[in-house]
Amino acid sequence: MIIGYHASHEQFSPSVLIELVKKAEAAGFNGALSSDHYQPWSLEQGHSGFAWSWLGAAMQATGLPFGVVTAPVQRYNPAIIAQGAATLAEMYPGRFWVAVGSGQLLNEGIEGGVWPPKEERNQRLKEAAWIIKELWAGRTVSHHGLVTVEEARLFDRPARAPLLIGAAQSPPTAEFVGGWADGMITINQPREGLEEIVNAFRKGGGAGKPMFLKVQVSYARDEDAALRGAWEQWRGNVLPHDVSTDLRSPQHYEGISAFVRPGDIREHVQVSASTEEQIRMIREHIALGFERIYLHNVAIEQDEFIEDFGKEVIPALLDR
């Protein structure tokens, strides 16, 4: 079981994030997950360092295994993602994995191309995943479809390819990634919805494959502070996924989320000042079959979260 720390590039500068993952490792977190954004969700968050530069530094500064969630199309060519991941996996054997998704206009729109409908985004993601795996296997790849690669080859590869995990936030996408990904990562939501995603992934071909979960929490030693911190930083992320993927800028997220009330946050973020309550909710996720849990404290205050979860939550979850 891995209980990991989520490094949110949208909320902190790269230099601050390095220090936070070092603190998380010292506190007992035994894994880390990195976002990969070009823009933050809101201007109030105000950060968005380049994840791939940061990952090399973070993995050198700690001994943690790391993953990153990225979109290997439009903003990137999949051959570049394959190269970046292979380089990290070669330098840090057994410590790196990649999750791929179909992307969001917020990040991919900077490329200036047409933002395709979800069905087309899924198809190009599947093509990109095939290209990445072929390159990791040492093959020279030319592909002309929704994604184009011409005579690509990786000259430095790890002895063992990293896991290529599919990112899903809905049952249809979970079923889709079950057929080609090495595993699935999703985010927490009410139990019924999470069960549907798990069942769809297994139905689509994911039975027996690993499942990872990013759990969005807001923890502070005061309940009002926990709720306020979640609302200030994360209210734009309670929008339905099929809406949020088509918003172009942080200003668009801010405009729509202006109507989100603090109480609306609780369905999407585990808000609680009680470590016992946080343990109970996380255990419910683990019971669904998730073997890696990555905790994202969405509030800006991280020190209390890292300290208290290191002392009380992680030992309880790891039974030590």
# chains A, B, ... in the order shown; residues from 1 in each chain; ligands from 1

call {"tool": "residues_around", "arguments": {"residues": "stretch 51-53 of chain A", "least_positions_apart": "3", "cutoff": "12 Å", "atoms": "only C-alpha atoms", "output": "PyMOL selection string"}}
result
chain A and resi 7-10+12-15+17-18+33-39+47-48+56-60+66-70+76+80-88+96+98

call {"tool": "select_by_dssp", "arguments": {"residues": "stretch 87-229 of chain A", "states": "strand (DSSP E)", "output": "VMD selection string"}}
result
chain A and resid 96 to 100 141 to 144 148 to 152 164 to 167 183 to 187 211 to 218

call {"tool": "atom_distance", "arguments": {"atom1": "atom CA of A:Ile306", "atom2": "atom CA of A:Ala24"}}
result
5.9 Å

call {"tool": "atom_distance", "arguments": {"atom1": "atom CA of A:Trp180", "atom2": "atom CA of A:Ile110"}}
result
28.1 Å

call {"tool": "atom_distance", "arguments": {"atom1": "atom CA of A:Ser102", "atom2": "atom CA of A:Gln216"}}
result
20.7 Å

call {"tool": "closest_atom_pairs", "arguments": {"of": "stretch 95-199 of chain A", "to": "stretch 284-291 of chain A", "cutoff": "8 Å", "atoms": "only C-alpha atoms", "output": "JSON lines"}}
result
{"residue": "A:Asn188", "atom": "CA", "partner": "A:His285", "partner_atom": "CA", "distance": 7.9}
{"residue": "A:Arg191", "atom": "CA", "partner": "A:His285", "partner_atom": "CA", "distance": 7.9}
{"residue": "A:Glu195", "atom": "CA", "partner": "A:Leu288", "partner_atom": "CA", "distance": 7.2}
{"residue": "A:Val198", "atom": "CA", "partner": "A:Leu288", "partner_atom": "CA", "distance": 7.7}

call {"tool": "residues_around", "arguments": {"residues": "A:Gly263", "least_positions_apart": "5", "cutoff": "12 Å", "atoms": "only C-alpha atoms", "output": "list in words"}}
result
Asp224, Ala226, Leu227, Arg228, Ala230, Trp231, Arg235, Val238, His268, Val269, Gln270 and Val271 of chain A

call {"tool": "residues_around", "arguments": {"residues": "stretch 163-178 of chain A", "least_positions_apart": "2", "cutoff": "8 Å", "atoms": "only C-alpha atoms", "output": "number ranges by chain"}}
result
A: 69, 96-101, 129, 161, 180-187, 196-207, 241

call {"tool": "write_last_selection", "arguments": {"atoms": "C-alpha atoms", "output": "compact mmCIF listing (two decimals), in the first residue's frame"}}
result
# COMPACT_ATOMS: atom_id res chain seq x y z
CA VAL A 69 -0.76 12.75 -14.75
CA PHE A 96 8.40 6.31 -11.92
CA TRP A 97 5.05 5.80 -13.63
CA VAL A 98 2.91 7.87 -16.01
CA ALA A 99 -0.85 8.39 -16.13
CA VAL A 100 -2.31 9.68 -19.39
CA GLY A 101 -5.64 11.34 -20.07
CA ALA A 129 -0.63 5.27 -25.63
CA ALA A 161 9.30 0.21 -18.87
CA TRP A 180 -5.30 -0.71 -23.10
CA ALA A 181 -3.85 0.80 -19.92
CA ASP A 182 -1.70 -0.99 -17.34
CA GLY A 183 -3.99 0.34 -14.61
CA MET A 184 -6.31 3.23 -13.74
CA ILE A 185 -6.17 6.39 -11.68
CA THR A 186 -9.27 8.36 -10.72
CA ILE A 187 -10.30 10.91 -8.09
CA GLU A 196 -19.42 2.59 -10.88
CA ILE A 197 -16.00 3.69 -12.10
CA VAL A 198 -14.30 0.64 -10.55
CA ASN A 199 -16.86 -1.74 -12.06
CA ALA A 200 -16.62 -0.11 -15.48
CA PHE A 201 -12.82 -0.34 -15.47
CA ARG A 202 -12.95 -4.03 -14.63
CA LYS A 203 -15.65 -4.65 -17.23
CA GLY A 204 -13.56 -2.95 -19.93
CA GLY A 205 -10.57 -5.20 -19.36
CA GLY A 206 -9.10 -3.83 -16.15
CA ALA A 207 -9.82 -6.81 -13.92
CA HIS A 241 -15.95 17.08 -15.78

call {"tool": "closest_residue", "arguments": {"among": "A:Leu213, A:Pro158, A:Ile256, A:Glu312", "to": "A:Val243", "atoms": "only C-alpha atoms"}}
result
A:Ile256

call {"tool": "residues_around", "arguments": {"residues": "stretch 136-151 of chain A", "least_positions_apart": "3", "cutoff": "8 Å", "atoms": "only C-alpha atoms", "output": "ChimeraX atom specification"}}
result
/A:73,77,79,82,86,123-124,127-128,131-133,154,157,161

call {"tool": "select_by_dssp", "arguments": {"residues": "stretch 20-267 of chain A", "states": "helix (DSSP H, G or I)", "output": "number ranges by chain"}}
result
A: 20-27, 51-61, 78-91, 105-111, 118-136, 171-178, 191-206, 223-238, 241-244, 250-257, 262-267

call {"tool": "residues_around", "arguments": {"residues": "A:Leu247", "least_positions_apart": "4", "cutoff": "9 Å", "atoms": "only C-alpha atoms", "output": "list in words"}}
result
Gln104, Leu105, Leu106, Val243, His252 and Tyr253 of chain A

call {"tool": "residues_around", "arguments": {"residues": "stretch 272-275 of chain A", "least_positions_apart": "5", "cutoff": "6 Å", "atoms": "only C-alpha atoms", "output": "list in words"}}
result
Tyr219, Ala220, Arg221, Asp222 and Glu223 of chain A
